[in-house]
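What follows is the content of upload-v4.pdb (PDB, C-alpha atoms and all ligand atoms).
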```pdb
ATOM      1  CA  MET J   1       0.000   0.000   0.000  1.00  0.00           C
ATOM      2  CA  PRO J   2       1.778   3.158  -1.163  1.00  0.00           C
ATOM      3  CA  ARG J   3       2.184   5.751   1.545  1.00  0.00           C
ATOM      4  CA  PRO J   4      -0.041   8.558   0.253  1.00  0.00           C
ATOM      5  CA  SER J   5       0.147  11.948   1.807  1.00  0.00           C
ATOM      6  CA  PHE J   6      -3.208  13.680   2.037  1.00  0.00           C
ATOM      7  CA  PRO J   7      -4.747  15.510   0.276  1.00  0.00           C
ATOM      8  CA  LEU J   8      -4.676  13.203  -2.719  1.00  0.00           C
ATOM      9  CA  SER J   9      -5.230  14.356  -6.273  1.00  0.00           C
ATOM     10  CA  ARG J  10      -7.984  11.762  -6.624  1.00  0.00           C
ATOM     11  CA  PRO J  11     -10.843  10.400  -4.506  1.00  0.00           C
ATOM     12  CA  ALA J  12      -9.434   8.419  -1.579  1.00  0.00           C
ATOM     13  CA  ARG J  13     -10.230   4.714  -1.189  1.00  0.00           C
ATOM     14  CA  LEU J  14     -11.440   3.857   2.319  1.00  0.00           C
ATOM     15  CA  ALA J  15     -11.653   0.553   4.173  1.00  0.00           C
ATOM     16  CA  VAL J  16     -13.739  -0.008   7.314  1.00  0.00           C
ATOM     17  CA  PHE J  17     -12.752  -2.676   9.874  1.00  0.00           C
ATOM     18  CA  ALA J  18     -15.482  -3.756  12.315  1.00  0.00           C
ATOM     19  CA  SER J  19     -16.245  -6.658  14.643  1.00  0.00           C
ATOM     20  CA  GLY J  20     -19.957  -6.248  15.245  1.00  0.00           C
ATOM     21  CA  ARG J  21     -22.928  -4.174  14.181  1.00  0.00           C
ATOM     22  CA  GLY J  22     -20.982  -1.651  12.140  1.00  0.00           C
ATOM     23  CA  SER J  23     -22.855   1.207  13.822  1.00  0.00           C
ATOM     24  CA  ASN J  24     -20.558   3.724  12.168  1.00  0.00           C
ATOM     25  CA  LEU J  25     -20.754   2.243   8.675  1.00  0.00           C
ATOM     26  CA  PRO J  26     -23.952   3.941   7.461  1.00  0.00           C
ATOM     27  CA  SER J  27     -22.687   7.456   8.173  1.00  0.00           C
ATOM     28  CA  LEU J  28     -19.339   6.676   6.513  1.00  0.00           C
ATOM     29  CA  LEU J  29     -21.133   5.201   3.485  1.00  0.00           C
ATOM     30  CA  ALA J  30     -23.338   8.294   3.265  1.00  0.00           C
ATOM     31  CA  ALA J  31     -20.341  10.608   3.419  1.00  0.00           C
ATOM     32  CA  PHE J  32     -18.083   8.517   1.172  1.00  0.00           C
ATOM     33  CA  PRO J  33     -20.390   6.627  -1.246  1.00  0.00           C
ATOM     34  CA  PRO J  34     -19.122   3.305  -2.612  1.00  0.00           C
ATOM     35  CA  ARG J  35     -19.589   4.559  -6.133  1.00  0.00           C
ATOM     36  CA  ILE J  36     -18.671   8.171  -6.545  1.00  0.00           C
ATOM     37  CA  ASP J  37     -21.231   9.605  -8.928  1.00  0.00           C
ATOM     38  CA  GLU J  38     -21.626  13.105 -10.235  1.00  0.00           C
ATOM     39  CA  ALA J  39     -24.880  13.565  -8.306  1.00  0.00           C
ATOM     40  CA  SER J  40     -23.166  13.093  -4.949  1.00  0.00           C
ATOM     41  CA  GLY J  41     -20.349  15.396  -5.982  1.00  0.00           C
ATOM     42  CA  GLU J  42     -18.323  13.678  -3.294  1.00  0.00           C
ATOM     43  CA  GLU J  43     -14.781  14.032  -4.518  1.00  0.00           C
ATOM     44  CA  LEU J  44     -13.056  13.199  -1.240  1.00  0.00           C
ATOM     45  CA  GLY J  45     -13.439   9.459  -1.196  1.00  0.00           C
ATOM     46  CA  SER J  46     -15.436   6.272  -1.241  1.00  0.00           C
ATOM     47  CA  VAL J  47     -15.691   3.159   0.921  1.00  0.00           C
ATOM     48  CA  VAL J  48     -14.262   0.340  -1.189  1.00  0.00           C
ATOM     49  CA  LEU J  49     -13.871  -2.466   1.371  1.00  0.00           C
ATOM     50  CA  VAL J  50     -15.323  -3.657   4.677  1.00  0.00           C
ATOM     51  CA  VAL J  51     -13.427  -6.222   6.750  1.00  0.00           C
ATOM     52  CA  SER J  52     -14.624  -8.086   9.828  1.00  0.00           C
ATOM     53  CA  ASN J  53     -12.717 -10.438  12.098  1.00  0.00           C
ATOM     54  CA  VAL J  54     -15.997 -12.025  13.220  1.00  0.00           C
ATOM     55  CA  PRO J  55     -17.762 -14.537  10.958  1.00  0.00           C
ATOM     56  CA  GLY J  56     -21.307 -13.455  10.237  1.00  0.00           C
ATOM     57  CA  ALA J  57     -20.920 -10.046  11.904  1.00  0.00           C
ATOM     58  CA  PRO J  58     -23.893  -7.811  10.975  1.00  0.00           C
ATOM     59  CA  VAL J  59     -21.500  -5.239   9.509  1.00  0.00           C
ATOM     60  CA  LEU J  60     -20.816  -7.672   6.654  1.00  0.00           C
ATOM     61  CA  ASP J  61     -24.466  -7.731   5.649  1.00  0.00           C
ATOM     62  CA  LYS J  62     -24.608  -3.931   5.831  1.00  0.00           C
ATOM     63  CA  ALA J  63     -21.620  -3.742   3.494  1.00  0.00           C
ATOM     64  CA  SER J  64     -23.059  -6.232   1.019  1.00  0.00           C
ATOM     65  CA  ALA J  65     -26.405  -4.417   1.040  1.00  0.00           C
ATOM     66  CA  ALA J  66     -24.537  -1.245   0.071  1.00  0.00           C
ATOM     67  CA  GLY J  67     -22.674  -3.032  -2.708  1.00  0.00           C
ATOM     68  CA  VAL J  68     -19.343  -2.855  -0.901  1.00  0.00           C
ATOM     69  CA  PRO J  69     -16.977  -5.868  -0.925  1.00  0.00           C
ATOM     70  CA  ALA J  70     -17.381  -7.481   2.513  1.00  0.00           C
ATOM     71  CA  LEU J  71     -14.424  -9.593   3.616  1.00  0.00           C
ATOM     72  CA  GLU J  72     -14.802 -12.026   6.528  1.00  0.00           C
ATOM     73  CA  LEU J  73     -11.378 -12.747   8.036  1.00  0.00           C
ATOM     74  CA  ALA J  74     -12.096 -14.984  11.019  1.00  0.00           C
ATOM     75  CA  TRP J  75      -9.562 -14.235  13.709  1.00  0.00           C
ATOM     76  CA  ARG J  76      -7.020 -17.050  13.810  1.00  0.00           C
ATOM     77  CA  GLY J  77      -4.329 -15.100  15.584  1.00  0.00           C
ATOM     78  CA  ARG J  78      -3.156 -11.567  14.986  1.00  0.00           C
ATOM     79  CA  ALA J  79      -0.397 -12.380  12.507  1.00  0.00           C
ATOM     80  CA  ALA J  80      -2.724 -14.349  10.251  1.00  0.00           C
ATOM     81  CA  PHE J  81      -5.403 -11.664  10.359  1.00  0.00           C
ATOM     82  CA  GLU J  82      -2.958  -8.829   9.650  1.00  0.00           C
ATOM     83  CA  SER J  83      -1.353 -10.740   6.781  1.00  0.00           C
ATOM     84  CA  ALA J  84      -4.706 -11.386   5.099  1.00  0.00           C
ATOM     85  CA  ALA J  85      -5.959  -7.877   5.839  1.00  0.00           C
ATOM     86  CA  SER J  86      -2.812  -6.334   4.368  1.00  0.00           C
ATOM     87  CA  ALA J  87      -3.250  -8.356   1.194  1.00  0.00           C
ATOM     88  CA  ALA J  88      -6.848  -7.162   0.880  1.00  0.00           C
ATOM     89  CA  LEU J  89      -5.816  -3.554   1.505  1.00  0.00           C
ATOM     90  CA  GLU J  90      -3.266  -3.821  -1.285  1.00  0.00           C
ATOM     91  CA  GLU J  91      -5.710  -5.530  -3.623  1.00  0.00           C
ATOM     92  CA  HIS J  92      -8.304  -2.801  -3.089  1.00  0.00           C
ATOM     93  CA  ARG J  93      -5.686  -0.041  -3.182  1.00  0.00           C
ATOM     94  CA  VAL J  94      -6.923   1.359   0.122  1.00  0.00           C
ATOM     95  CA  ASP J  95      -5.626   4.779   1.203  1.00  0.00           C
ATOM     96  CA  LEU J  96      -7.225   5.074   4.651  1.00  0.00           C
ATOM     97  CA  ILE J  97      -8.394   2.423   7.140  1.00  0.00           C
ATOM     98  CA  CYS J  98     -11.246   3.336   9.530  1.00  0.00           C
ATOM     99  CA  LEU J  99     -11.608   1.096  12.595  1.00  0.00           C
ATOM    100  CA  ALA J 100     -15.230   1.193  13.724  1.00  0.00           C
ATOM    101  CA  GLY J 101     -16.172  -1.130  16.553  1.00  0.00           C
ATOM    102  CA  PHE J 102     -13.099  -3.214  15.769  1.00  0.00           C
ATOM    103  CA  MET J 103     -12.458  -5.090  19.001  1.00  0.00           C
ATOM    104  CA  ARG J 104      -8.942  -6.372  18.449  1.00  0.00           C
ATOM    105  CA  VAL J 105      -5.581  -4.717  19.152  1.00  0.00           C
ATOM    106  CA  LEU J 106      -3.374  -4.500  16.085  1.00  0.00           C
ATOM    107  CA  SER J 107       0.372  -5.052  16.249  1.00  0.00           C
ATOM    108  CA  ALA J 108       2.943  -2.287  16.479  1.00  0.00           C
ATOM    109  CA  GLU J 109       4.233  -3.411  13.090  1.00  0.00           C
ATOM    110  CA  PHE J 110       0.803  -3.066  11.487  1.00  0.00           C
ATOM    111  CA  THR J 111       0.102   0.325  13.033  1.00  0.00           C
ATOM    112  CA  ALA J 112       3.564   1.555  12.006  1.00  0.00           C
ATOM    113  CA  ARG J 113       3.047   0.327   8.446  1.00  0.00           C
ATOM    114  CA  TYR J 114      -0.205   2.271   8.187  1.00  0.00           C
ATOM    115  CA  GLN J 115       0.819   5.221  10.330  1.00  0.00           C
ATOM    116  CA  GLY J 116      -1.171   8.284   9.322  1.00  0.00           C
ATOM    117  CA  ARG J 117      -3.567   6.134   7.306  1.00  0.00           C
ATOM    118  CA  LEU J 118      -5.231   4.257  10.197  1.00  0.00           C
ATOM    119  CA  VAL J 119      -7.890   5.905  12.385  1.00  0.00           C
ATOM    120  CA  ASN J 120     -10.304   4.768  15.109  1.00  0.00           C
ATOM    121  CA  ILE J 121     -13.356   6.030  16.956  1.00  0.00           C
ATOM    122  CA  HIS J 122     -13.703   5.560  20.710  1.00  0.00           C
ATOM    123  CA  PRO J 123     -16.764   6.317  22.880  1.00  0.00           C
ATOM    124  CA  SER J 124     -15.115   8.670  25.377  1.00  0.00           C
ATOM    125  CA  LEU J 125     -13.234  11.973  25.503  1.00  0.00           C
ATOM    126  CA  LEU J 126      -9.751  10.452  25.384  1.00  0.00           C
ATOM    127  CA  PRO J 127      -7.457  10.302  27.219  1.00  0.00           C
ATOM    128  CA  LEU J 128     -10.293   9.686  29.655  1.00  0.00           C
ATOM    129  CA  TYR J 129     -11.688   6.162  29.796  1.00  0.00           C
ATOM    130  CA  PRO J 130      -9.606   4.228  27.239  1.00  0.00           C
ATOM    131  CA  GLY J 131     -10.260   0.564  26.582  1.00  0.00           C
ATOM    132  CA  LEU J 132     -13.465  -1.377  26.958  1.00  0.00           C
ATOM    133  CA  ALA J 133     -16.817  -0.237  28.380  1.00  0.00           C
ATOM    134  CA  ALA J 134     -15.922   3.460  28.170  1.00  0.00           C
ATOM    135  CA  PRO J 135     -19.497   4.697  28.816  1.00  0.00           C
ATOM    136  CA  GLN J 136     -19.665   2.518  31.939  1.00  0.00           C
ATOM    137  CA  GLN J 137     -16.294   3.896  33.069  1.00  0.00           C
ATOM    138  CA  ALA J 138     -17.618   7.458  32.703  1.00  0.00           C
ATOM    139  CA  LEU J 139     -20.718   6.649  34.735  1.00  0.00           C
ATOM    140  CA  GLU J 140     -18.704   4.959  37.477  1.00  0.00           C
ATOM    141  CA  ALA J 141     -16.401   7.971  37.610  1.00  0.00           C
ATOM    142  CA  GLY J 142     -19.377  10.279  38.086  1.00  0.00           C
ATOM    143  CA  ALA J 143     -18.463  12.247  34.958  1.00  0.00           C
ATOM    144  CA  ALA J 144     -20.761  15.169  34.098  1.00  0.00           C
ATOM    145  CA  GLU J 145     -19.976  14.766  30.421  1.00  0.00           C
ATOM    146  CA  SER J 146     -18.468  12.270  28.025  1.00  0.00           C
ATOM    147  CA  GLY J 147     -18.450  11.872  24.263  1.00  0.00           C
ATOM    148  CA  CYS J 148     -16.418  10.332  21.440  1.00  0.00           C
ATOM    149  CA  THR J 149     -12.951  10.730  20.002  1.00  0.00           C
ATOM    150  CA  VAL J 150     -11.658  10.021  16.510  1.00  0.00           C
ATOM    151  CA  HIS J 151      -7.901   9.509  16.600  1.00  0.00           C
ATOM    152  CA  PHE J 152      -4.991   8.157  14.623  1.00  0.00           C
ATOM    153  CA  VAL J 153      -4.029   4.654  15.707  1.00  0.00           C
ATOM    154  CA  ASP J 154      -0.531   4.136  17.071  1.00  0.00           C
ATOM    155  CA  ALA J 155       1.037   1.180  18.875  1.00  0.00           C
ATOM    156  CA  GLY J 156      -0.928   1.896  22.054  1.00  0.00           C
ATOM    157  CA  VAL J 157      -4.593   1.307  22.877  1.00  0.00           C
ATOM    158  CA  ASP J 158      -6.640   4.480  22.212  1.00  0.00           C
ATOM    159  CA  THR J 159      -3.484   6.603  22.521  1.00  0.00           C
ATOM    160  CA  GLY J 160      -2.891   8.029  19.033  1.00  0.00           C
ATOM    161  CA  ALA J 161      -3.088  11.702  18.052  1.00  0.00           C
ATOM    162  CA  LYS J 162      -6.638  13.026  18.435  1.00  0.00           C
ATOM    163  CA  ILE J 163      -8.425  14.319  15.331  1.00  0.00           C
ATOM    164  CA  LEU J 164     -11.841  15.374  16.583  1.00  0.00           C
ATOM    165  CA  GLN J 165     -14.040  15.042  19.675  1.00  0.00           C
ATOM    166  CA  ARG J 166     -17.760  15.554  20.254  1.00  0.00           C
ATOM    167  CA  THR J 167     -19.220  15.907  23.744  1.00  0.00           C
ATOM    168  CA  VAL J 168     -22.461  14.708  25.338  1.00  0.00           C
ATOM    169  CA  ALA J 169     -23.811  15.448  28.795  1.00  0.00           C
ATOM    170  CA  VAL J 170     -24.139  12.548  31.218  1.00  0.00           C
ATOM    171  CA  LEU J 171     -27.690  12.559  32.581  1.00  0.00           C
ATOM    172  CA  ALA J 172     -28.637  11.454  36.081  1.00  0.00           C
ATOM    173  CA  SER J 173     -31.013   8.988  34.448  1.00  0.00           C
ATOM    174  CA  ASP J 174     -28.284   7.463  32.279  1.00  0.00           C
ATOM    175  CA  ASP J 175     -27.162   3.909  32.392  1.00  0.00           C
ATOM    176  CA  ALA J 176     -24.342   2.536  30.212  1.00  0.00           C
ATOM    177  CA  THR J 177     -26.759   1.708  27.397  1.00  0.00           C
ATOM    178  CA  SER J 178     -28.464   5.100  27.216  1.00  0.00           C
ATOM    179  CA  LEU J 179     -25.168   6.955  27.427  1.00  0.00           C
ATOM    180  CA  ALA J 180     -23.588   4.732  24.756  1.00  0.00           C
ATOM    181  CA  GLU J 181     -26.562   5.355  22.473  1.00  0.00           C
ATOM    182  CA  ARG J 182     -26.311   9.124  22.874  1.00  0.00           C
ATOM    183  CA  ILE J 183     -22.571   8.973  22.230  1.00  0.00           C
ATOM    184  CA  LEU J 184     -23.181   6.815  19.177  1.00  0.00           C
ATOM    185  CA  ALA J 185     -25.466   9.505  17.768  1.00  0.00           C
ATOM    186  CA  GLU J 186     -22.582  11.954  18.005  1.00  0.00           C
ATOM    187  CA  GLU J 187     -20.249   9.423  16.420  1.00  0.00           C
ATOM    188  CA  GLN J 188     -22.369   9.519  13.273  1.00  0.00           C
ATOM    189  CA  LEU J 189     -21.364  13.166  12.899  1.00  0.00           C
ATOM    190  CA  ALA J 190     -17.840  12.921  14.268  1.00  0.00           C
ATOM    191  CA  TYR J 191     -16.470  10.111  12.129  1.00  0.00           C
ATOM    192  CA  PRO J 192     -17.256  11.496   8.657  1.00  0.00           C
ATOM    193  CA  GLU J 193     -16.039  14.942   9.711  1.00  0.00           C
ATOM    194  CA  ALA J 194     -12.805  13.550  11.120  1.00  0.00           C
ATOM    195  CA  VAL J 195     -12.185  11.511   7.958  1.00  0.00           C
ATOM    196  CA  ARG J 196     -12.733  14.649   5.866  1.00  0.00           C
ATOM    197  CA  MET J 197     -10.113  16.416   8.008  1.00  0.00           C
ATOM    198  CA  VAL J 198      -7.627  13.630   7.332  1.00  0.00           C
ATOM    199  CA  LEU J 199      -8.384  13.429   3.605  1.00  0.00           C
ATOM    200  CA  THR J 200      -8.060  17.193   3.137  1.00  0.00           C
ATOM    201  CA  GLY J 201      -4.797  17.249   5.075  1.00  0.00           C
ATOM    202  CA  ALA J 202      -6.324  19.362   7.841  1.00  0.00           C
ATOM    203  CA  ALA J 203      -5.392  16.679  10.369  1.00  0.00           C
ATOM    204  CA  SER J 204      -2.248  14.568  10.303  1.00  0.00           C
ATOM    205  CA  HIS J 205      -0.830  12.041  12.713  1.00  0.00           C
ATOM    206  CA  ASP J 206       2.239  14.174  13.381  1.00  0.00           C
ATOM    207  CA  GLY J 207       0.466  17.508  13.378  1.00  0.00           C
ATOM    208  CA  ARG J 208       2.386  18.780  10.347  1.00  0.00           C
ATOM    209  CA  PRO J 209       0.432  21.127   8.054  1.00  0.00           C
ATOM    210  CA  ALA J 210      -1.130  19.858   4.850  1.00  0.00           C
ATOM    211  CA  GLY J 211       1.211  19.273   1.971  1.00  0.00           C
ATOM    212  CA  HIS J 212       4.213  19.036   4.296  1.00  0.00           C
ATOM    213  CA  PRO J 213       6.766  16.776   2.646  1.00  0.00           C
ATOM    214  CA  SER J 214       6.359  13.496   4.475  1.00  0.00           C
TER     215      SER J 214
HETATM  216  C1  LIG D   1     -18.960   2.477  19.122  1.00  0.00           C
HETATM  217  O1  LIG D   1     -19.282   2.924  20.420  1.00  0.00           O
HETATM  218  C2  LIG D   1     -17.551   2.872  18.806  1.00  0.00           C
HETATM  219  O2  LIG D   1     -17.168   4.057  19.460  1.00  0.00           O
HETATM  220  C3  LIG D   1     -16.768   1.716  19.346  1.00  0.00           C
HETATM  221  O3  LIG D   1     -17.539   0.581  19.042  1.00  0.00           O
HETATM  222  C4  LIG D   1     -18.918   0.965  19.057  1.00  0.00           C
HETATM  223  C5  LIG D   1     -19.585   0.501  17.818  1.00  0.00           C
HETATM  224  O4  LIG D   1     -19.588  -0.899  17.813  1.00  0.00           O
HETATM  225  N1  LIG D   1     -15.465   1.672  18.725  1.00  0.00           N
HETATM  226  P1  LIG D   1     -20.651  -1.609  16.825  1.00  0.00           P
HETATM  227  O5  LIG D   1     -20.373  -1.100  15.442  1.00  0.00           O
HETATM  228  O6  LIG D   1     -21.996  -1.157  17.307  1.00  0.00           O
HETATM  229  O7  LIG D   1     -20.399  -3.065  16.979  1.00  0.00           O
END
```
What do you get writing this file as structure tokens?
Ligand code: GRF
Amino acid sequence: MPRPSFPLSRPARLAVFASGRGSNLPSLLAAFPPRIDEASGEELGSVVLVVSNVPGAPVLDKASAAGVPALELAWRGRAAFESAASAALEEHRVDLICLAGFMRVLSAEFTARYQGRLVNIHPSLLPLYPGLAAPQQALEAGAAESGCTVHFVDAGVDTGAKILQRTVAVLASDDATSLAERILAEEQLAYPEAVRMVLTGAASHDGRPAGHPS
């Protein structure tokens, strides 16, 4: 996968990796249609591949329904998954990988290989509440607000450079489910906007301005 520096002189080719429902896929498909047509006028990019590490994950059906190649790579160890995923990324000439409810930790080698071209969304205002069950963590901490963060992926867990955050209030009536649902609603706005920032060069993993020689 060539190391493009954004902005590209052509529509970017996006891949989405997910392990479950693919809650973020519809908003990414709406923002970056699988087939760029004149009507959409979307020049920034299109989703060209969806990958799941879970056989039969609902995200695969969502991809197929949208006419996007849906690749099921059952997790048989990290090395095997990353090898097959890398081959698919090359085959589909992917420029940017969007993790969206992808519940596995990728290797330092993989994240280094795709540095600047690998992003993730997390349901908290990082660095607060990294890892699993972030909405529950916020509730248990008595937080007055939480939200979501789109960030570049580095070798750590939820530690890469932040791209964009959106905030929600934590209500006294909230439980983990209601808070997660309200955060998810903000994610639908945050993810496409963050991807646009990356594709236009407005956000980079090392904070250098757009067009900076990489
Ligand atoms: C979202 O909360 C997202 O922030 C996190 O995973 C959740 C989506 O999972 N990364 P799914 O797509 O509903 O399985």
For this session: Step by step, work through what the PyMOL selection byres (((not hetatm)) within 9 of (chain D and resi 1)) selects in the shown file, and finish by giving those residues as an MDAnalysis selection string.
Result: chainID J and resid 18:25 57:59 99:103 120:124 132:135 148:150 180:181 183:184 187
Problem set entry | Spatial neighbours of J:Val157, max dist 10 Å, only C-alpha atoms, sep filter under 6 positions, as a count of residues only | 5
Problem set entry | Picked residues, the PyMOL selection byres (((chain J and resi 93) around 10) and not hetatm), expected as a PyMOL selection string | chain J and resi 1-2+12-15+48-49+87-92+94-96
Starting from the shown file, work through the PyMOL selection byres (((chain J and resi 84) around 12) and not hetatm) and note down what comes out as a tab-separated table (two decimals) with C-alpha atoms, in the frame of the given file.
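The file below, selection33.tsv, is the result:
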```tsv
chain	number	residue	atom	x	y	z
J	51	VAL	CA	-13.43	-6.22	6.75
J	52	SER	CA	-14.62	-8.09	9.83
J	53	ASN	CA	-12.72	-10.44	12.10
J	71	LEU	CA	-14.42	-9.59	3.62
J	72	GLU	CA	-14.80	-12.03	6.53
J	73	LEU	CA	-11.38	-12.75	8.04
J	74	ALA	CA	-12.10	-14.98	11.02
J	75	TRP	CA	-9.56	-14.24	13.71
J	76	ARG	CA	-7.02	-17.05	13.81
J	77	GLY	CA	-4.33	-15.10	15.58
J	78	ARG	CA	-3.16	-11.57	14.99
J	79	ALA	CA	-0.40	-12.38	12.51
J	80	ALA	CA	-2.72	-14.35	10.25
J	81	PHE	CA	-5.40	-11.66	10.36
J	82	GLU	CA	-2.96	-8.83	9.65
J	83	SER	CA	-1.35	-10.74	6.78
J	85	ALA	CA	-5.96	-7.88	5.84
J	86	SER	CA	-2.81	-6.33	4.37
J	87	ALA	CA	-3.25	-8.36	1.19
J	88	ALA	CA	-6.85	-7.16	0.88
J	89	LEU	CA	-5.82	-3.55	1.50
J	90	GLU	CA	-3.27	-3.82	-1.28
J	91	GLU	CA	-5.71	-5.53	-3.62
J	110	PHE	CA	0.80	-3.07	11.49
```
Which protein, DNA or RNA residues are at most 10 Å from (-18.2, 14.0, 32.4) in the file's coordinates when you count all atoms listed in the file, listed as a PDB file with C-alpha atoms, keeping the file's coordinate frame?
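Wrote out18.pdb, looks like this:
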```
ATOM      1  CA  SER J 124     -15.115   8.670  25.377  1.00  0.00           C
ATOM      2  CA  LEU J 125     -13.234  11.973  25.503  1.00  0.00           C
ATOM      3  CA  LEU J 128     -10.293   9.686  29.655  1.00  0.00           C
ATOM      4  CA  ALA J 138     -17.618   7.458  32.703  1.00  0.00           C
ATOM      5  CA  LEU J 139     -20.718   6.649  34.735  1.00  0.00           C
ATOM      6  CA  ALA J 141     -16.401   7.971  37.610  1.00  0.00           C
ATOM      7  CA  GLY J 142     -19.377  10.279  38.086  1.00  0.00           C
ATOM      8  CA  ALA J 143     -18.463  12.247  34.958  1.00  0.00           C
ATOM      9  CA  ALA J 144     -20.761  15.169  34.098  1.00  0.00           C
ATOM     10  CA  GLU J 145     -19.976  14.766  30.421  1.00  0.00           C
ATOM     11  CA  SER J 146     -18.468  12.270  28.025  1.00  0.00           C
ATOM     12  CA  GLY J 147     -18.450  11.872  24.263  1.00  0.00           C
ATOM     13  CA  THR J 167     -19.220  15.907  23.744  1.00  0.00           C
ATOM     14  CA  VAL J 168     -22.461  14.708  25.338  1.00  0.00           C
ATOM     15  CA  ALA J 169     -23.811  15.448  28.795  1.00  0.00           C
ATOM     16  CA  VAL J 170     -24.139  12.548  31.218  1.00  0.00           C
ATOM     17  CA  LEU J 171     -27.690  12.559  32.581  1.00  0.00           C
TER      18      LEU J 171
END
```
For this session: Using atom CA of J:Ala185 and atom CA of J:Ala172 as the two end points, give the distance in Å to one decimal.
Result: 18.7 Å
Exercise. Leaving out stretch 191-203 of chain J and any residue of its chain fewer than 3 positions from it, which residues lie within 10 Å of it when counting only C-alpha atoms, given as a PyMOL selection string?
Worked result: chain J and resi 5-8+11-12+14+24-25+27-32+44-45+95-98+100+116-117+119-121+148-152+161-166+186-188+206-212
Exercise. Could you work out how far atom CA of J:Val50 lies from atom CA of J:Pro69, giving the answer in Å with one decimal?
Worked result: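 Answer for the atom CA of J:Pro69 to atom CA of J:Val50 separation: 6.2 Å.
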Exercise. So, counting all atoms listed in the file, which residue among J:Ser204, J:Pro55, J:Leu189, J:Gln136 is closest to J:Asp174?
Worked result: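 Looking only at the distances to J:Asp174, the closest residue turns out to be J:Gln136.
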Problem set entry | Counting all atoms listed in the file, the residue of J:Gly56, J:Gly156, J:Gly67, J:Pro127 that sits nearest J:Pro33 |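 Counting all atoms listed in the file, the residue closest to J:Pro33 is J:Gly67.
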For this session: To one decimal in Å, tell me the separation between atom CA of J:Ser64 and atom CA of J:Pro26.
Result: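 Atom CA of J:Pro26 lies at a distance of 12.1 Å from atom CA of J:Ser64.
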Exercise. Taking into account all atoms listed in the file, which residue in the set J:Ala63, J:Val16, J:Ala112, J:Ala190 is nearest to J:Ala155?
Worked result: J:Ala112
